[in-house]
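Novice: As input, take work-v3.cif (mmCIF, C-alpha atoms and all ligand atoms):
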data_target
loop_
_atom_site.label_atom_id
_atom_site.label_comp_id
_atom_site.auth_asym_id
_atom_site.auth_seq_id
_atom_site.Cartn_x
_atom_site.Cartn_y
_atom_site.Cartn_z
CA MET U 24 24.66 -31.74 12.12
CA SER U 25 25.30 -32.05 8.41
CA SER U 26 22.91 -30.71 5.84
CA THR U 27 22.77 -29.85 2.18
CA PRO U 28 23.76 -26.27 1.47
CA PRO U 29 20.70 -24.03 1.71
CA ALA U 30 19.42 -22.00 -1.24
CA SER U 31 20.34 -18.85 0.68
CA SER U 32 23.64 -18.40 2.51
CA ILE U 33 22.16 -15.98 5.03
CA TRP U 34 22.54 -16.95 8.70
CA HIS U 35 19.49 -15.34 10.32
CA PRO U 36 19.30 -13.98 13.89
CA PHE U 37 17.27 -15.93 16.46
CA THR U 38 16.58 -18.59 13.82
CA GLN U 39 17.32 -22.32 14.09
CA HIS U 40 18.07 -23.18 10.48
CA GLY U 41 18.34 -26.85 11.40
CA LEU U 42 14.55 -27.00 11.78
CA GLY U 43 13.98 -26.02 8.17
CA GLU U 44 11.24 -23.56 9.07
CA PRO U 45 10.16 -21.27 6.21
CA ILE U 46 11.74 -17.85 5.88
CA PRO U 47 9.29 -15.64 3.99
CA GLU U 48 10.68 -12.89 1.79
CA VAL U 49 9.21 -9.41 2.04
CA ALA U 50 9.21 -7.29 -1.09
CA SER U 51 7.67 -4.04 0.14
CA ALA U 52 5.68 -2.55 2.99
CA LYS U 53 3.41 0.38 3.73
CA GLY U 54 1.85 1.34 7.07
CA ALA U 55 1.05 -1.91 8.88
CA ARG U 56 1.02 -3.95 5.62
CA LEU U 57 3.78 -6.22 4.41
CA HIS U 58 3.78 -7.38 0.80
CA LEU U 59 5.57 -10.69 0.34
CA ALA U 60 7.62 -11.68 -2.67
CA ASP U 61 5.18 -14.53 -3.39
CA GLY U 62 2.29 -12.06 -3.70
CA ARG U 63 0.75 -12.59 -0.25
CA SER U 64 0.01 -9.65 2.02
CA MET U 65 0.36 -9.64 5.79
CA ILE U 66 -0.32 -7.36 8.75
CA ASP U 67 2.71 -6.42 10.81
CA ALA U 68 1.22 -6.56 14.32
CA ILE U 69 4.56 -6.13 16.13
CA SER U 70 5.89 -3.11 14.22
CA SER U 71 8.67 -5.29 12.86
CA TRP U 72 10.38 -6.01 16.19
CA TRP U 73 8.82 -3.00 17.90
CA VAL U 74 10.33 -0.27 15.77
CA THR U 75 8.02 1.07 13.02
CA THR U 76 5.97 3.35 15.26
CA HIS U 77 4.63 5.48 12.39
CA GLY U 78 4.22 2.49 10.06
CA HIS U 79 6.45 1.18 7.30
CA CYS U 80 7.75 3.65 4.71
CA ASN U 81 6.35 6.73 6.41
CA PRO U 82 6.44 9.36 3.62
CA ARG U 83 8.00 12.13 5.73
CA ILE U 84 10.78 9.88 7.00
CA MET U 85 11.45 8.41 3.55
CA ALA U 86 11.59 11.91 2.02
CA ALA U 87 13.99 13.12 4.73
CA ILE U 88 16.36 10.21 4.05
CA ALA U 89 16.16 10.78 0.28
CA GLU U 90 16.84 14.51 0.68
CA GLN U 91 19.78 13.86 3.00
CA ALA U 92 21.15 11.24 0.57
CA GLY U 93 21.67 14.03 -1.94
CA LYS U 94 23.77 16.05 0.52
CA LEU U 95 25.88 14.03 2.91
CA ASP U 96 25.91 10.26 3.33
CA GLN U 97 28.41 9.58 6.08
CA MET U 98 30.87 11.55 8.16
CA ILE U 99 33.38 10.70 10.86
CA PHE U 100 31.83 11.97 14.10
CA ALA U 101 34.85 12.16 16.41
CA GLY U 102 35.52 15.87 16.56
CA TRP U 103 33.17 16.67 13.63
CA THR U 104 29.46 17.41 13.44
CA HIS U 105 26.68 17.87 10.87
CA GLY U 106 23.23 19.44 10.58
CA PRO U 107 21.06 16.32 10.96
CA ALA U 108 22.84 15.28 14.19
CA GLU U 109 22.49 18.80 15.60
CA ALA U 110 18.77 18.79 14.67
CA VAL U 111 18.27 15.47 16.48
CA ALA U 112 20.10 16.70 19.60
CA ARG U 113 18.04 19.93 19.66
CA GLY U 114 14.79 18.01 19.08
CA LEU U 115 15.56 15.51 21.83
CA ARG U 116 16.40 18.28 24.28
CA GLU U 117 12.99 19.83 23.59
CA ILE U 118 10.94 16.74 24.44
CA MET U 119 13.09 14.52 26.67
CA PRO U 120 13.55 15.09 30.43
CA GLU U 121 15.15 18.45 31.14
CA SER U 122 17.90 17.01 33.34
CA LEU U 123 19.26 14.94 30.41
CA THR U 124 21.41 17.62 28.83
CA ARG U 125 23.81 15.49 26.76
CA VAL U 126 23.16 13.31 23.72
CA PHE U 127 25.56 10.51 22.72
CA PHE U 128 24.86 8.69 19.45
CA SER U 129 25.28 5.01 18.65
CA ASP U 130 23.68 2.46 16.35
CA SER U 131 21.42 0.02 18.19
CA GLY U 132 19.62 -0.56 21.45
CA SER U 133 22.40 -2.86 22.61
CA THR U 134 25.10 -0.29 21.98
CA SER U 135 23.06 2.41 23.72
CA VAL U 136 23.10 0.13 26.77
CA GLU U 137 26.85 -0.52 26.45
CA VAL U 138 27.38 3.26 26.29
CA ALA U 139 25.16 3.77 29.37
CA LEU U 140 27.15 1.21 31.36
CA LYS U 141 30.47 2.75 30.29
CA MET U 142 29.22 6.24 31.17
CA ALA U 143 28.20 5.04 34.63
CA LEU U 144 31.55 3.36 35.26
CA GLY U 145 33.41 6.36 33.83
CA TYR U 146 31.48 8.69 36.10
CA TRP U 147 32.55 6.85 39.25
CA HIS U 148 36.07 6.20 38.01
CA TRP U 149 36.72 9.87 37.38
CA GLN U 150 35.27 10.80 40.79
CA GLY U 151 37.85 8.46 42.31
CA GLU U 152 35.16 6.21 43.84
CA ALA U 153 35.44 2.44 43.64
CA ARG U 154 31.92 1.72 42.45
CA SER U 155 31.52 -0.89 39.76
CA ARG U 156 28.54 -3.04 40.70
CA ILE U 157 25.64 -2.86 38.27
CA LEU U 158 22.18 -3.77 39.54
CA VAL U 159 19.60 -5.29 37.24
CA MET U 160 16.06 -6.58 37.45
CA GLU U 161 15.42 -10.31 37.05
CA ASN U 162 13.90 -11.30 33.70
CA SER U 163 15.23 -8.19 31.97
CA TYR U 164 16.53 -7.99 28.42
CA HIS U 165 18.93 -5.24 27.32
CA GLY U 166 20.46 -6.62 24.12
CA ASP U 167 22.88 -9.21 22.81
CA THR U 168 26.34 -7.69 23.09
CA ILE U 169 28.50 -8.99 25.95
CA GLY U 170 27.79 -6.08 28.33
CA ALA U 171 24.09 -5.98 27.47
CA MET U 172 23.84 -9.77 27.97
CA SER U 173 25.64 -9.45 31.29
CA VAL U 174 22.94 -7.12 32.62
CA GLY U 175 20.13 -9.24 31.15
CA GLU U 176 18.54 -12.45 32.34
CA ARG U 177 20.80 -15.50 32.07
CA GLY U 178 19.41 -18.55 30.37
CA VAL U 179 19.61 -20.75 27.35
CA PHE U 180 20.11 -17.65 25.17
CA ASN U 181 23.51 -16.83 26.57
CA GLN U 182 24.70 -20.18 27.97
CA PRO U 183 27.79 -20.51 25.71
CA TYR U 184 28.93 -16.97 26.51
CA ASP U 185 28.39 -17.22 30.25
CA PRO U 186 32.12 -17.47 31.08
CA LEU U 187 32.62 -14.00 29.62
CA LEU U 188 29.63 -12.27 31.22
CA PHE U 189 30.32 -10.09 34.25
CA ASP U 190 28.63 -10.45 37.64
CA VAL U 191 25.78 -8.14 38.53
CA GLY U 192 23.43 -7.70 41.50
CA ARG U 193 19.94 -8.96 40.73
CA ILE U 194 16.77 -7.61 42.29
CA PRO U 195 13.50 -9.52 41.93
CA PHE U 196 10.87 -8.49 39.41
CA PRO U 197 8.30 -6.39 41.34
CA ALA U 198 5.24 -8.54 40.61
CA ALA U 199 2.01 -7.12 42.03
CA GLY U 200 1.93 -7.80 45.77
CA HIS U 201 5.67 -8.56 45.90
CA GLU U 202 7.05 -5.05 45.42
CA ASP U 203 8.55 -4.94 48.91
CA ALA U 204 11.01 -7.74 48.08
CA THR U 205 12.28 -5.71 45.12
CA LEU U 206 12.65 -2.52 47.11
CA GLU U 207 14.34 -4.29 50.02
CA ALA U 208 16.85 -6.01 47.73
CA LEU U 209 17.59 -2.69 46.02
CA GLU U 210 18.05 -0.95 49.36
CA ARG U 211 20.40 -3.73 50.56
CA TYR U 212 22.59 -3.53 47.44
CA CYS U 213 22.66 0.28 47.48
CA ALA U 214 23.67 0.32 51.13
CA MET U 215 26.77 -1.77 50.29
CA GLY U 216 28.33 1.39 48.87
CA ASP U 217 30.01 -0.13 45.81
CA THR U 218 27.07 0.09 43.42
CA ALA U 219 27.54 2.21 40.33
CA ALA U 220 24.11 2.03 38.75
CA LEU U 221 20.78 0.30 38.43
CA ILE U 222 19.55 -0.41 34.90
CA VAL U 223 15.85 -1.10 34.34
CA GLU U 224 13.27 -1.43 31.61
CA PRO U 225 10.67 1.01 32.98
CA LEU U 226 7.14 -0.41 33.52
CA VAL U 227 7.45 -3.31 31.04
CA LEU U 228 9.94 -6.14 30.69
CA GLY U 229 9.59 -6.67 26.96
CA ALA U 230 11.51 -9.72 25.73
CA GLY U 231 11.26 -11.13 29.28
CA GLY U 232 7.58 -11.86 28.62
CA MET U 233 5.72 -8.52 28.41
CA LEU U 234 5.64 -8.34 32.19
CA PHE U 235 4.21 -5.10 33.59
CA TYR U 236 4.94 -3.50 36.95
CA SER U 237 3.62 -0.40 38.65
CA ALA U 238 4.69 3.19 38.20
CA GLU U 239 4.69 3.57 41.99
CA VAL U 240 7.39 0.95 42.47
CA LEU U 241 9.40 2.47 39.62
CA ALA U 242 9.26 5.84 41.39
CA GLN U 243 10.31 4.19 44.66
CA MET U 244 13.24 2.47 42.97
CA ARG U 245 14.34 5.79 41.51
CA ALA U 246 14.11 7.40 44.98
CA ILE U 247 16.21 4.67 46.65
CA CYS U 248 18.91 5.09 43.98
CA ALA U 249 18.92 8.87 44.43
CA GLU U 250 19.22 8.50 48.20
CA HIS U 251 22.38 6.39 47.82
CA GLY U 252 23.85 8.29 44.87
CA VAL U 253 23.41 5.21 42.67
CA LEU U 254 22.93 6.16 39.01
CA PHE U 255 19.54 5.26 37.56
CA ILE U 256 19.66 4.04 33.95
CA ALA U 257 16.32 3.83 32.12
CA ASP U 258 16.48 1.50 29.14
CA GLU U 259 13.55 2.87 27.12
CA VAL U 260 14.69 1.17 23.91
CA MET U 261 11.36 -0.67 23.74
CA THR U 262 9.12 1.50 25.95
CA GLY U 263 10.18 4.85 24.48
CA TRP U 264 8.41 6.81 21.75
CA GLY U 265 4.91 6.34 23.09
CA ARG U 266 4.74 2.55 23.36
CA THR U 267 3.35 2.59 26.91
CA GLY U 268 0.99 5.49 26.24
CA THR U 269 3.37 8.33 27.13
CA LEU U 270 6.48 9.49 25.26
CA LEU U 271 8.58 7.75 27.93
CA ALA U 272 7.39 5.14 30.42
CA CYS U 273 9.34 7.09 33.11
CA GLU U 274 6.84 9.93 32.72
CA GLN U 275 4.12 7.78 34.29
CA ALA U 276 6.22 7.48 37.45
CA GLY U 277 7.05 11.20 37.39
CA ILE U 278 10.78 10.46 37.32
CA GLU U 279 13.83 11.50 35.33
CA PRO U 280 16.71 9.02 35.00
CA ASP U 281 20.42 9.92 35.14
CA ILE U 282 20.95 8.05 31.87
CA LEU U 283 18.39 7.21 29.19
CA CYS U 284 18.74 4.67 26.35
CA LEU U 285 16.66 5.20 23.21
CA SER U 286 16.60 3.42 19.87
CA LYS U 287 13.89 1.48 17.91
CA GLY U 288 11.31 4.29 17.35
CA LEU U 289 14.00 7.00 17.31
CA THR U 290 14.02 6.93 13.50
CA GLY U 291 10.37 5.83 13.34
CA GLY U 292 11.90 2.40 12.84
CA ALA U 293 13.26 3.17 9.38
CA VAL U 294 17.03 2.90 9.89
CA PRO U 295 19.32 1.94 12.79
CA LEU U 296 20.23 4.66 15.26
CA ALA U 297 20.38 5.00 19.03
CA VAL U 298 21.14 7.63 21.61
CA THR U 299 22.22 7.53 25.22
CA MET U 300 21.24 10.74 26.98
CA ALA U 301 23.04 11.72 30.17
CA SER U 302 22.86 14.31 32.93
CA GLU U 303 25.29 17.20 33.00
CA ALA U 304 27.02 15.69 36.06
CA ILE U 305 27.90 12.54 34.10
CA TYR U 306 29.15 14.60 31.17
CA GLU U 307 31.18 16.86 33.47
CA ALA U 308 32.85 13.88 35.14
CA HIS U 309 34.49 13.25 31.75
CA LEU U 310 35.23 16.93 31.07
CA SER U 311 38.85 17.93 31.49
CA THR U 312 41.91 19.30 29.73
CA ASP U 313 43.28 15.78 30.13
CA ARG U 314 42.69 13.78 26.92
CA ALA U 315 42.82 10.50 28.85
CA ARG U 316 39.52 11.48 30.44
CA MET U 317 37.52 11.71 27.23
CA PHE U 318 34.68 9.22 26.69
CA PHE U 319 36.29 6.37 24.77
CA HIS U 320 33.44 5.00 22.72
CA SER U 321 32.56 5.19 19.05
CA SER U 322 31.66 3.16 16.03
CA SER U 323 32.45 3.89 12.39
CA TYR U 324 28.88 4.97 11.69
CA THR U 325 28.19 6.99 14.86
CA ALA U 326 25.46 9.56 14.07
CA ASN U 327 25.20 8.56 10.42
CA PRO U 328 23.62 11.56 8.63
CA LEU U 329 20.98 9.47 6.80
CA ALA U 330 19.88 7.90 10.08
CA CYS U 331 19.94 11.30 11.82
CA ALA U 332 17.78 12.77 9.02
CA ALA U 333 15.25 9.99 9.69
CA ALA U 334 15.37 10.72 13.44
CA ALA U 335 14.93 14.45 12.83
CA ALA U 336 11.87 13.63 10.70
CA ASN U 337 10.52 11.42 13.50
CA LEU U 338 10.95 14.33 15.93
CA ALA U 339 9.16 16.66 13.50
CA ILE U 340 6.29 14.15 13.27
CA TRP U 341 6.05 14.14 17.07
CA ARG U 342 6.05 17.97 17.09
CA GLU U 343 3.62 18.53 14.24
CA GLU U 344 1.27 15.57 13.99
CA PRO U 345 -1.30 14.27 16.51
CA VAL U 346 0.90 11.31 17.49
CA ARG U 347 -0.23 11.38 21.12
CA GLU U 348 -3.89 11.25 20.02
CA ARG U 349 -3.12 8.31 17.70
CA ILE U 350 -1.45 6.53 20.60
CA ALA U 351 -4.39 7.23 22.94
CA GLN U 352 -6.85 5.93 20.34
CA LEU U 353 -4.85 2.79 19.62
CA SER U 354 -4.35 2.17 23.36
CA ALA U 355 -8.12 2.31 23.94
CA LYS U 356 -8.75 -0.03 21.01
CA GLN U 357 -6.15 -2.54 22.19
CA ALA U 358 -7.64 -2.58 25.71
CA SER U 359 -11.12 -3.03 24.32
CA TRP U 360 -10.09 -5.92 22.03
CA LEU U 361 -8.47 -7.65 24.99
CA ASP U 362 -11.63 -7.11 27.02
CA LYS U 363 -13.89 -8.37 24.21
CA LEU U 364 -11.76 -11.48 23.76
CA GLY U 365 -11.76 -12.11 27.51
CA GLN U 366 -15.56 -12.24 27.53
CA VAL U 367 -15.60 -15.07 24.99
CA TYR U 368 -12.40 -17.07 25.50
CA HIS U 369 -10.31 -18.34 28.39
CA PHE U 370 -6.72 -17.24 28.79
CA ASN U 371 -4.49 -15.93 31.56
CA ASN U 372 -3.03 -12.58 32.50
CA ALA U 373 -4.77 -10.26 30.06
CA ARG U 374 -2.79 -7.02 30.29
CA SER U 375 -2.37 -3.84 28.35
CA LEU U 376 -0.38 -0.68 28.80
CA GLY U 377 -0.59 2.01 26.17
CA THR U 378 -0.32 0.41 22.75
CA ILE U 379 0.97 -2.93 24.11
CA ALA U 380 -1.56 -5.70 24.77
CA ALA U 381 -0.67 -9.22 25.87
CA LEU U 382 -2.23 -12.43 27.11
CA ASP U 383 -0.97 -15.86 28.11
CA LEU U 384 -2.36 -18.95 26.42
CA LYS U 385 -3.27 -21.75 28.78
CA SER U 386 -1.39 -24.39 26.77
CA ASP U 387 -0.25 -26.71 29.55
CA GLY U 388 3.44 -27.27 30.04
CA ALA U 389 4.39 -25.04 27.13
CA THR U 390 5.29 -21.84 28.89
CA GLY U 391 9.06 -21.93 28.34
CA TYR U 392 10.82 -20.39 25.38
CA MET U 393 12.49 -23.42 23.93
CA ASN U 394 9.49 -25.65 23.28
CA ASP U 395 7.90 -25.35 19.87
CA LEU U 396 4.73 -23.52 20.92
CA ALA U 397 5.87 -20.03 19.89
CA PRO U 398 7.05 -21.13 16.40
CA ARG U 399 3.84 -23.12 15.90
CA LEU U 400 1.84 -20.06 16.91
CA MET U 401 3.87 -17.89 14.54
CA ALA U 402 3.12 -20.25 11.68
CA PHE U 403 -0.57 -20.31 12.66
CA PHE U 404 -0.73 -16.50 12.56
CA ARG U 405 1.26 -16.34 9.34
CA GLU U 406 -1.31 -18.57 7.66
CA ARG U 407 -3.92 -16.04 8.71
CA GLY U 408 -1.94 -13.15 7.26
CA VAL U 409 -0.64 -11.77 10.56
CA LEU U 410 2.92 -11.28 11.76
CA LEU U 411 3.03 -12.01 15.48
CA ARG U 412 6.00 -13.40 17.38
CA PRO U 413 4.83 -14.86 20.69
CA LEU U 414 7.19 -15.18 23.64
CA GLY U 415 6.62 -18.74 24.87
CA ASN U 416 2.88 -18.88 25.52
CA THR U 417 2.59 -15.08 25.69
CA VAL U 418 0.91 -13.53 22.67
CA TYR U 419 1.34 -9.78 22.43
CA VAL U 420 0.29 -7.12 19.94
CA MET U 421 2.42 -4.00 19.48
CA PRO U 422 1.31 -2.46 16.17
CA PRO U 423 2.25 0.72 14.32
CA TYR U 424 0.22 3.62 15.72
CA GLY U 425 -1.64 4.13 12.43
CA ILE U 426 -2.89 0.54 12.04
CA THR U 427 -6.45 0.61 10.67
CA ASP U 428 -9.48 -0.77 12.53
CA GLU U 429 -9.89 -3.44 9.88
CA GLU U 430 -6.26 -4.55 10.20
CA LEU U 431 -6.54 -4.61 13.99
CA ALA U 432 -9.72 -6.70 13.76
CA THR U 433 -7.89 -9.26 11.58
CA VAL U 434 -5.09 -9.46 14.15
CA TRP U 435 -7.42 -9.96 17.12
CA ASP U 436 -9.65 -12.40 15.28
CA ALA U 437 -6.57 -14.50 14.58
CA ILE U 438 -5.64 -14.35 18.27
CA GLY U 439 -9.15 -15.47 19.21
CA GLU U 440 -8.76 -18.46 16.93
CA ALA U 441 -5.36 -19.21 18.45
CA VAL U 442 -6.82 -19.19 21.96
CA LEU U 443 -9.29 -21.84 20.84
CA SER U 444 -6.72 -23.92 18.98
CA PHE U 445 -3.70 -24.04 21.35
N1 LIG U 501 16.87 -2.91 25.41
C1 LIG U 501 15.58 -3.30 25.33
C2 LIG U 501 14.65 -2.98 26.44
C3 LIG U 501 15.13 -4.01 24.22
O1 LIG U 501 13.86 -4.41 24.16
C4 LIG U 501 16.05 -4.27 23.17
C5 LIG U 501 15.62 -5.02 21.97
O2 LIG U 501 14.56 -5.58 21.89
C6 LIG U 501 17.36 -3.85 23.31
C7 LIG U 501 17.75 -3.15 24.43
C8 LIG U 501 18.38 -4.15 22.24
O3 LIG U 501 18.11 -3.38 21.12
P1 LIG U 501 18.75 -3.78 19.70
O4 LIG U 501 18.03 -5.03 19.29
O5 LIG U 501 18.44 -2.62 18.83
O6 LIG U 501 20.20 -3.98 19.91
#
Represent the structure of the file as structure tokens.
Ligand code: PLP

Specialist:
Amino acid sequence: MSSTPPASSIWHPFTQHGLGEPIPEVASAKGARLHLADGRSMIDAISSWWVTTHGHCNPRIMAAIAEQAGKLDQMIFAGWTHGPAEAVARGLREIMPESLTRVFFSDSGSTSVEVALKMALGYWHWQGEARSRILVMENSYHGDTIGAMSVGERGVFNQPYDPLLFDVGRIPFPAAGHEDATLEALERYCAMGDTAALIVEPLVLGAGGMLFYSAEVLAQMRAICAEHGVLFIADEVMTGWGRTGTLLACEQAGIEPDILCLSKGLTGGAVPLAVTMASEAIYEAHLSTDRARMFFHSSSYTANPLACAAAAANLAIWREEPVRERIAQLSAKQASWLDKLGQVYHFNNARSLGTIAALDLKSDGATGYMNDLAPRLMAFFRERGVLLRPLGNTVYVMPPYGITDEELATVWDAIGEAVLSF
């Protein structure tokens, strides 16, 4: 397709430039408020792709970055360390599951997943066991790098790359009433003996459509893996940092994974950073006097000090501020808005878990991702001063924890209007 050169040369992610849809420019932001370059103001109801848990430009996080910027900007991390990284590792050890004794840094949710997969394969390789099968849940999303795509749902998103994606074992999504099929498939795969790990998004499949499943089935899945020695990887990139009501979604199932992926809210959403936490057994499998056995993974910016300073500030906020109370209050408000809306309007599958609330519009025949319903909805919300990014016909709200009642009312009023209009 030929076109005249655009005013901007930026090639945006998940954006079809050929459609000529507007790309608003944001000049500044504070809390849940975005201020656009053209003077408009908007409410960020999805925490800017699920990251800004404490709101945009949180003063403590901004101050920590500024202070760190005066001391140390960047440092090679292979064989070196620095204070902010040590503070993050200590802070994580205090609040994350006790069995996760090791902290490996990377830069995004996708890379935290790549690291998790490599750790799992390394673990079995160095034990001398031929286990390389990765199990995944249907409809999952774990990122856009080749490994992360391989363990995610296949579809139009990754069609061109399919020849490069590796095979995995897929277990069905445990929809209410169909949990047995999931557990049976997991049991069958585990019994084959060549499975290295299961990777799951605990309790909520995010990009897959904000699909919720029960804590009981999550606990049962964990138990089946443990029984067969299959490593259990919890991808809490989206669910972590209080999104589902608890610090980790795994908490609600009373389980600890062997490997945990965290990113998004790790820095309060201010700057990119991720960690993959692992059990001592996984770390020890790589521990040796043989250099060939070291964990071969890094990127140039691993554990960037500015990002670590932001993460250390996020951890301090969790330690010192009533974050859990904020989450509980927001969760109750989200559930009550959903309930209120349900009494007036007709839609499907109203669901909420912690600070996430979602519903499905009844728009006939427009439930897939590639029709134009979601972009039309986005534009509709944008006109009403609200940033929402529906997934097909699923509208979800995932705001910063400090969103005000007035801002939340604007968001839900706009959703009410959308239910009537689409
Ligand atoms: N895993 C999950 C569960 C996610 O929701 C995402 C992103 O939405 C990722 C991994 C990938 O994270 P990133 O976009 O930071 O690479």

Novice: As a quick test: using all atoms listed in the file, which residues lie no more than 10 Å away from ligand LIG 501 (chain U)? Give them as a ChimeraX atom specification.

Specialist: /U:72-74,130-137,163-168,171-172,175,223-225,227-231,257-263,284-287,295-297

Novice: Name all residues at most 9 Å from region 107-124 of chain U (count all atoms listed in the file; drop same-chain ones fewer than 5 positions away) and give them as a PDB file with C-alpha atoms, keeping the file's coordinate frame.

Specialist:
ATOM      1  CA  GLN U  91      19.780  13.860   3.000  1.00  0.00           C
ATOM      2  CA  LEU U 270       6.480   9.490  25.260  1.00  0.00           C
ATOM      3  CA  LEU U 271       8.580   7.750  27.930  1.00  0.00           C
ATOM      4  CA  GLU U 274       6.840   9.930  32.720  1.00  0.00           C
ATOM      5  CA  ILE U 278      10.780  10.460  37.320  1.00  0.00           C
ATOM      6  CA  GLU U 279      13.830  11.500  35.330  1.00  0.00           C
ATOM      7  CA  PRO U 280      16.710   9.020  35.000  1.00  0.00           C
ATOM      8  CA  ASP U 281      20.420   9.920  35.140  1.00  0.00           C
ATOM      9  CA  ILE U 282      20.950   8.050  31.870  1.00  0.00           C
ATOM     10  CA  LEU U 283      18.390   7.210  29.190  1.00  0.00           C
ATOM     11  CA  MET U 300      21.240  10.740  26.980  1.00  0.00           C
ATOM     12  CA  ALA U 301      23.040  11.720  30.170  1.00  0.00           C
ATOM     13  CA  SER U 302      22.860  14.310  32.930  1.00  0.00           C
ATOM     14  CA  GLU U 303      25.290  17.200  33.000  1.00  0.00           C
ATOM     15  CA  TYR U 306      29.150  14.600  31.170  1.00  0.00           C
ATOM     16  CA  ALA U 326      25.460   9.560  14.070  1.00  0.00           C
ATOM     17  CA  ASN U 327      25.200   8.560  10.420  1.00  0.00           C
ATOM     18  CA  PRO U 328      23.620  11.560   8.630  1.00  0.00           C
ATOM     19  CA  LEU U 329      20.980   9.470   6.800  1.00  0.00           C
ATOM     20  CA  ALA U 330      19.880   7.900  10.080  1.00  0.00           C
ATOM     21  CA  CYS U 331      19.940  11.300  11.820  1.00  0.00           C
ATOM     22  CA  ALA U 332      17.780  12.770   9.020  1.00  0.00           C
ATOM     23  CA  ALA U 333      15.250   9.990   9.690  1.00  0.00           C
ATOM     24  CA  ALA U 334      15.370  10.720  13.440  1.00  0.00           C
ATOM     25  CA  ALA U 335      14.930  14.450  12.830  1.00  0.00           C
ATOM     26  CA  ALA U 336      11.870  13.630  10.700  1.00  0.00           C
ATOM     27  CA  LEU U 338      10.950  14.330  15.930  1.00  0.00           C
ATOM     28  CA  ALA U 339       9.160  16.660  13.500  1.00  0.00           C
ATOM     29  CA  ARG U 342       6.050  17.970  17.090  1.00  0.00           C
TER      30      ARG U 342
END

Novice: Considering only C-alpha atoms, can you say which of U:Met98, U:Ala153, U:Ile305, U:Cys213 comes closest to Met317 (chain U)?

Specialist: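 Using only C-alpha atoms, the shortest distance to Met317 (chain U) belongs to U:Ile305.
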
Novice: For region 184-191 of chain U, please output as a list in words all residues within 10 Å (counting all atoms listed in the file; exclusion window: fewer than 6 positions along the same chain).

Specialist: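 My list of contacting residues is Ser155, Arg156, Ile157, Leu158, Val159, Met160, Thr168, Ile169, Gly170, Ala171, Met172, Ser173, Val174, Gly175, Arg177, Gly178, Thr218 and Leu221 of chain U.
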
Novice: Calculated over all atoms listed in the file, which of the candidates U:Ala55, U:Ser323, U:Pro195, U:Ile256 has the smallest distance to Leu431 (chain U)?

Specialist: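 The answer is U:Ala55, which sits nearest to Leu431 (chain U).
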
Novice: What's around Ala308 (chain U) at 12 Å? Count only C-alpha atoms, leave out sequence neighbours fewer than 2 positions away in its own chain, and write the answer as a ChimeraX atom specification.

Specialist: /U:142-152,301-306,310-313,316-318

Novice: Find the distance between CA of Ser71 (chain U) and CA of Ser375 (chain U) and write it in Å to one decimal.

Specialist: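 We find that CA of Ser71 (chain U) and CA of Ser375 (chain U) lie 19.1 Å from each other.
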
Novice: Can you pull out the residues contacting Lys363 (chain U)? Cut-off 12 Å, using all atoms listed in the file, and skip same-chain residues under 3 positions away; I want them as a compact mmCIF listing (two decimals) with C-alpha atoms, keeping the file's coordinate frame.

Specialist:
# COMPACT_ATOMS: atom_id res chain seq x y z
CA LYS U 356 -8.75 -0.03 21.01
CA GLN U 357 -6.15 -2.54 22.19
CA ALA U 358 -7.64 -2.58 25.71
CA SER U 359 -11.12 -3.03 24.32
CA TRP U 360 -10.09 -5.92 22.03
CA GLN U 366 -15.56 -12.24 27.53
CA VAL U 367 -15.60 -15.07 24.99
CA TYR U 368 -12.40 -17.07 25.50
CA HIS U 369 -10.31 -18.34 28.39
CA ALA U 373 -4.77 -10.26 30.06
CA ALA U 432 -9.72 -6.70 13.76
CA TRP U 435 -7.42 -9.96 17.12
CA ASP U 436 -9.65 -12.40 15.28
CA ILE U 438 -5.64 -14.35 18.27
CA GLY U 439 -9.15 -15.47 19.21

Novice: Using only C-alpha atoms, which residue out of U:Thr378, U:Thr205, U:Gln97, U:Thr76 lies closest to Met421 (chain U)?

Specialist: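 Of all the options, U:Thr378 lies closest to Met421 (chain U).
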
Novice: What is the CA of Gly192 (chain U)-CA of Glu250 (chain U) distance in Å, reported with one decimal?

Specialist: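 So the answer is 18.0 Å.
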
Novice: Taking all atoms of region 153-167 of chain U that the file lists, what box with edges along x, y and z, padded by 5 Å per side, do you get, with centre and edge lengths in Å to one decimal, as AutoDock Vina command-line options?

Specialist:
--center_x 24.7 --center_y -4.4 --center_z 33.2 --size_x 31.5 --size_y 23.7 --size_z 30.8
